[in-house]
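Q: Handing you this structure, nothing more for now.
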Amino acid sequence: MVSKIDGKLFAEMIIQGAQNLSNHADLVDSLNVYPVPDGDTGTNMNLTMTSGREAVENNLSQQIGELGKTFSKGLLMGARGNSGVILSQLFRGFSKNLEAYETINAKQFAESFKAGVDTAYKAIMKPVEGTILTVARDAADAAIRKAEETEDCIELMTYILEEAEISLENTPNLLPVLKEVGVVDSAGKGLAVVYAGFLKALKGETVSTQTPKLNKDSLVNEEHDFHGVINTEDIVYGYCTEMMVRFGKNKKTFDEQDFREDMSQFGDSLLVINDEEIVKVHVHTEKPGEVFNYGQQYGELIKLKVENMREQHREVVKKEHDSGKNNSTEETQTVDTAVIAISMGDGISDIFKSMGATHMISGGQTMNPSTEDIVKIIEQSQCKRAIILPNNKNILMASEQAADIVDADAIVIPTKSIPQGIAALFNYDETDSLESNKSRMVESLEAVCSGSVTYAVRDTKIDGVEIKKDAYMGLIEDKIVTSNDDQFATVKGLIEAMINEDSEIITMIVGMDADETVTSNIEDWMETTYPDVELEQHNGQQPVYQYLFSVE
């Protein structure tokens, strides 16, 4: 029985909760509804929780109130993506309720869960049921009930976890899109995993750390660190290869040691992560196909990725030769008014700079910057005023948190796409007040219809559209409207869905993976099919999205 929780025990709960989330981050990622290559819920929650854990480990306190402040600040600054921000808000309210205490009992423990839910709901403009918020609320309500019956924090946490998992299983009944795709809410799953880690710590147990966990940089960076390689020819294994396998019935029985030994024969830089349901592999090899064939013996391949490191090395060398080491000095320039744009791709950054943006933060769908990333840019600029353009719906909440924290007078323009960011900047007047600029820039977003073309990371059916893994998808805002194995056919379907009789201009931003032939075909097709609509083209050089479109 545990009747009291002090700072030392709470720190251990945080550490075990963070470790459990780290172990299950890939599983949480796999529950994402949309099959787009994105920032991923599990990754964002993991990075957020890790930031909280590191803050606690660097500033341990016996007093639970003091430790709670440290944990909350770490989460706040490290929050990435909407799921990470909501997680930080849940534990912000939780920790606020601890401030007056050196230790807490079961009733105070339960009240802290409830305080966390109240804070998170207040922070969200339009709370959606069937999400992490629902799971957190149902668990907190259960905690309040159970605290009337027991003084044992272990018994209380056991009940909280049980009710969280029941609520999680019910999320598809509250959010139709979850039922359509056949998954539970991914962020809700992440929260339940954290709670499971809390329970282990209360019981005096530890979460296994035998399997090394890849960090975000290991798996998502667009470029590998090639600076230790002198020549491209020195790269022995040229393909950075990753796969995730979901174990299947009637497949080869998984043994981690045997699997590692077999995989090591394919190349080097091998990392293997697994739990009861999946195994994730990172390896540098000359034969990616053989890696995939081997993995398929154990189950279904649910994520695949291959990068040509020799080609990446050539690009890195060329980039450094053309422009010196980097352009980091521009990120620290001091200004009276900082206009900060989240950007992906050098071409898009150039567009933003030409329109008045003073500072760029590299980010977007595949890597959401943290609250702290945005705060640092504002502080380093020494500005009195700041305008933040997140340009992605999953960066919006972190931007708003940053604006609340900094000393400068900061506003966020709720841009959810690169085209919206461009439209907003077109209406920016550096001589005008923040209030007037915000009003004008926000109003301009209503006239922009944003579209994008990317690829699917898994098979699914959503919004009535059948989608096959690796097929191209056309999205209007965040709604998938067409999917096809052919890139040009996908673009045509998207444009046809975006254009109406009032359309005058369509802007096309070409990404680094766009096919030149397809781009030329689009130009010819637009001229023939929509002669009255002007086509403007820019080389955005953005990753992940072959094309970005806006229609005005």
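Labels used: A, B, ... for chains in the order of the structure tokens, numbers from 1 for residues in each chain, and numbers from 1 for ligands as shown.
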Could you find all residues in segment 147-192 of chain A that DSSP calls helix (DSSP H, G or I) from the backbone, and write them as a VMD selection string?

A: chain A and resid 153 to 174 176 to 181 186 to 192

Q: Quick one: DSSP strand (DSSP E or B) residues in segment 255-450 of chain A, as a ChimeraX atom specification?

A: /A:267-274,278-285,299-308,337-343,359-362,364,367,370,385-389,409-412,449-450

Q: I'd like the neighbourhood of segment 85-94 of chain A as a VMD selection string, where a residue qualifies if any of its atoms comes within 10 Å (using only C-alpha atoms), though same-chain residues fewer than 6 positions away should be ignored.

A: chain A and resid 44 to 45 48 to 49 52 68 to 69 71 to 79 109 to 124 132 to 133 136 to 137 187 to 188 190 to 191 370 to 371 394 to 401

Q: Mind checking which residues fall within 8 Å of segment 481-487 of chain A, counting only C-alpha atoms, ignoring those fewer than 5 positions away in the same chain, and posting them as an mmCIF file with C-alpha atoms, in the first residue's frame?

A:
```cif
data_model
loop_
_atom_site.group_PDB
_atom_site.id
_atom_site.type_symbol
_atom_site.label_atom_id
_atom_site.label_comp_id
_atom_site.auth_asym_id
_atom_site.auth_seq_id
_atom_site.Cartn_x
_atom_site.Cartn_y
_atom_site.Cartn_z
ATOM 1 C CA ASP A 463 -13.932 9.963 -46.159
ATOM 2 C CA VAL A 465 -11.757 7.367 -50.534
ATOM 3 C CA GLU A 466 -9.931 4.048 -50.963
ATOM 4 C CA ILE A 467 -6.210 4.601 -50.390
ATOM 5 C CA ASP A 470 2.543 4.505 -51.568
ATOM 6 C CA ALA A 471 -0.247 5.864 -53.771
ATOM 7 C CA TYR A 472 -0.474 9.628 -54.250
ATOM 8 C CA MET A 473 -3.164 11.559 -52.408
ATOM 9 C CA GLY A 474 -4.714 14.946 -53.093
ATOM 10 C CA LEU A 475 -5.880 16.884 -50.055
ATOM 11 C CA ILE A 476 -7.936 20.067 -49.767
ATOM 12 C CA GLY A 493 -8.326 15.297 -59.568
ATOM 13 C CA LEU A 494 -7.221 17.695 -56.857
ATOM 14 C CA ALA A 497 -11.997 19.658 -56.870
ATOM 15 C CA VAL A 518 4.310 15.872 -64.495
#
```

Q: Using only C-alpha atoms, which protein or nucleic acid residues come within 6 Å of segment 334-344 of chain A? Drop anything in the same chain fewer than 3 positions from it, and give the result as a ChimeraX atom specification.

A: /A:349,357-364,381-390,542

Q: Include N, CA and C atoms and write out the residues we just selected as a compact mmCIF listing (two decimals), in the first residue's frame.

A:
```
# COMPACT_ATOMS: atom_id res chain seq x y z
N SER A 349 11.12 29.18 -48.00
CA SER A 349 11.73 30.16 -47.10
C SER A 349 12.07 31.45 -47.86
N ALA A 357 9.04 38.23 -43.96
CA ALA A 357 9.37 37.41 -42.79
C ALA A 357 10.83 37.68 -42.40
N THR A 358 11.06 37.85 -41.11
CA THR A 358 12.41 38.14 -40.63
C THR A 358 13.14 36.91 -40.13
N HIS A 359 12.40 35.89 -39.70
CA HIS A 359 13.02 34.70 -39.12
C HIS A 359 12.29 33.45 -39.60
N MET A 360 13.07 32.42 -39.91
CA MET A 360 12.52 31.14 -40.33
C MET A 360 12.78 30.09 -39.25
N ILE A 361 11.83 29.21 -39.05
CA ILE A 361 12.03 28.02 -38.24
C ILE A 361 11.75 26.82 -39.14
N SER A 362 12.73 25.96 -39.28
CA SER A 362 12.55 24.78 -40.12
C SER A 362 11.59 23.82 -39.44
N GLY A 363 10.58 23.40 -40.15
CA GLY A 363 9.59 22.49 -39.57
C GLY A 363 8.47 22.25 -40.54
N GLY A 364 7.42 21.66 -40.05
CA GLY A 364 6.29 21.35 -40.90
C GLY A 364 5.69 20.03 -40.51
N SER A 381 15.82 37.42 -31.03
CA SER A 381 15.60 38.58 -31.90
C SER A 381 15.53 39.88 -31.12
N GLN A 382 15.31 39.78 -29.80
CA GLN A 382 15.17 40.94 -28.92
C GLN A 382 14.08 41.89 -29.40
N CYS A 383 13.05 41.31 -29.98
CA CYS A 383 11.98 42.13 -30.54
C CYS A 383 11.03 42.63 -29.47
N LYS A 384 10.32 43.69 -29.80
CA LYS A 384 9.26 44.19 -28.94
C LYS A 384 7.91 43.59 -29.34
N ARG A 385 7.80 43.25 -30.62
CA ARG A 385 6.57 42.67 -31.14
C ARG A 385 6.92 41.44 -31.97
N ALA A 386 6.02 40.47 -31.97
CA ALA A 386 6.27 39.26 -32.76
C ALA A 386 4.98 38.78 -33.40
N ILE A 387 5.11 38.37 -34.65
CA ILE A 387 4.00 37.76 -35.38
C ILE A 387 4.45 36.36 -35.77
N ILE A 388 3.67 35.34 -35.38
CA ILE A 388 4.04 33.95 -35.64
C ILE A 388 3.09 33.35 -36.67
N LEU A 389 3.67 32.76 -37.71
CA LEU A 389 2.90 32.06 -38.74
C LEU A 389 3.23 30.57 -38.66
N PRO A 390 2.39 29.76 -38.01
CA PRO A 390 2.70 28.33 -37.86
C PRO A 390 2.63 27.55 -39.16
N GLN A 542 10.20 21.83 -51.19
CA GLN A 542 9.73 21.23 -49.94
C GLN A 542 9.77 19.71 -50.01
```

Q: Between A:Ile405, A:Leu175, A:Ile351, A:Asn437, which has the minimum distance to Ile422 of chain A (counting only C-alpha atoms)?

A: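 Checking each of A:Ile405, A:Leu175, A:Ile351, A:Asn437 against Ile422 of chain A, counting only C-alpha atoms, the winner is A:Ile351.
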
Q: Kindly indicate which residue among A:Ile499, A:Met512, A:Leu161, A:Val453 lies nearest to Asn539 of chain A, using only C-alpha atoms for the distances.

A: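 For Asn539 of chain A, the nearest of the candidates is A:Met512.
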
Q: Looking at only C-alpha atoms, which of A:Glu102, A:Glu446, A:Glu430, A:Asp185 is the one that sits closest to Ser61 of chain A?

A: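 Closest to Ser61 of chain A, using only C-alpha atoms: A:Glu102.
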
Q: So which residues touch Asn105 of chain A within 9 Å, counting only C-alpha atoms, skipping near sequence neighbours fewer than 6 positions away, as a list of chain:residue names?

A: A:Val2, A:Ser3, A:Lys4, A:Ile5, A:Glu151, A:Asp152, A:Cys153

Q: Take the residues from that selection and put them in a file with N, CA and C atoms, as a short mmCIF file (atom, residue, chain, number, x, y, z; two decimals), in the first residue's frame.

A:
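Once written, result_32.cif looks like this:
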```cif
data_model
loop_
_atom_site.label_atom_id
_atom_site.label_comp_id
_atom_site.auth_asym_id
_atom_site.auth_seq_id
_atom_site.Cartn_x
_atom_site.Cartn_y
_atom_site.Cartn_z
N VAL A 2 0.48 2.25 -0.78
CA VAL A 2 1.14 3.55 -0.80
C VAL A 2 0.09 4.60 -0.45
N SER A 3 0.24 5.20 0.73
CA SER A 3 -0.75 6.19 1.17
C SER A 3 -0.31 7.62 0.90
N LYS A 4 0.99 7.82 0.64
CA LYS A 4 1.53 9.16 0.40
C LYS A 4 2.46 9.13 -0.82
N ILE A 5 2.45 10.20 -1.58
CA ILE A 5 3.37 10.37 -2.71
C ILE A 5 4.17 11.63 -2.47
N GLU A 151 -7.63 4.70 0.36
CA GLU A 151 -6.52 5.60 0.67
C GLU A 151 -5.22 5.10 0.03
N ASP A 152 -5.34 4.03 -0.73
CA ASP A 152 -4.17 3.41 -1.36
C ASP A 152 -3.99 3.98 -2.76
N CYS A 153 -2.88 4.66 -2.99
CA CYS A 153 -2.62 5.29 -4.29
C CYS A 153 -2.42 4.24 -5.39
#
```

Q: Could you tell me how far atom CA of His282 of chain A sits from atom CA of Phe254 of chain A, in Å to one decimal place?

A: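 Straight-line distance from atom CA of Phe254 of chain A to atom CA of His282 of chain A works out to 17.0 Å.
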
Q: Write out as a Markdown table the residues of segment 434-537 of chain A that have any atom within 9 Å of an atom of segment 287-305 of chain A, one row each with the nearest atom pair and its distance in Å to one decimal, counting only C-alpha atoms, sorted by chain and then rising number.

A:
```
| residue | atom | partner | partner_atom | distance |
| --- | --- | --- | --- | --- |
| A:Val457 | CA | A:Lys303 | CA | 6.4 |
| A:Arg458 | CA | A:Ile302 | CA | 6.3 |
| A:Asp459 | CA | A:Ile302 | CA | 8.7 |
| A:Lys469 | CA | A:Ile302 | CA | 8.8 |
```

Q: Would you mind reading off the distance between atom CA of Gln420 of chain A and atom CA of Ala402 of chain A, one decimal, in Å?

A: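 About the pair atom CA of Gln420 of chain A and atom CA of Ala402 of chain A: they are 20.3 Å apart.
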
Q: Go ahead and compute the interatomic distance for atom CA of Val272 of chain A and atom CA of Phe259 of chain A, in Å to one decimal.

A: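 For atom CA of Val272 of chain A relative to atom CA of Phe259 of chain A, the distance reads 8.7 Å.
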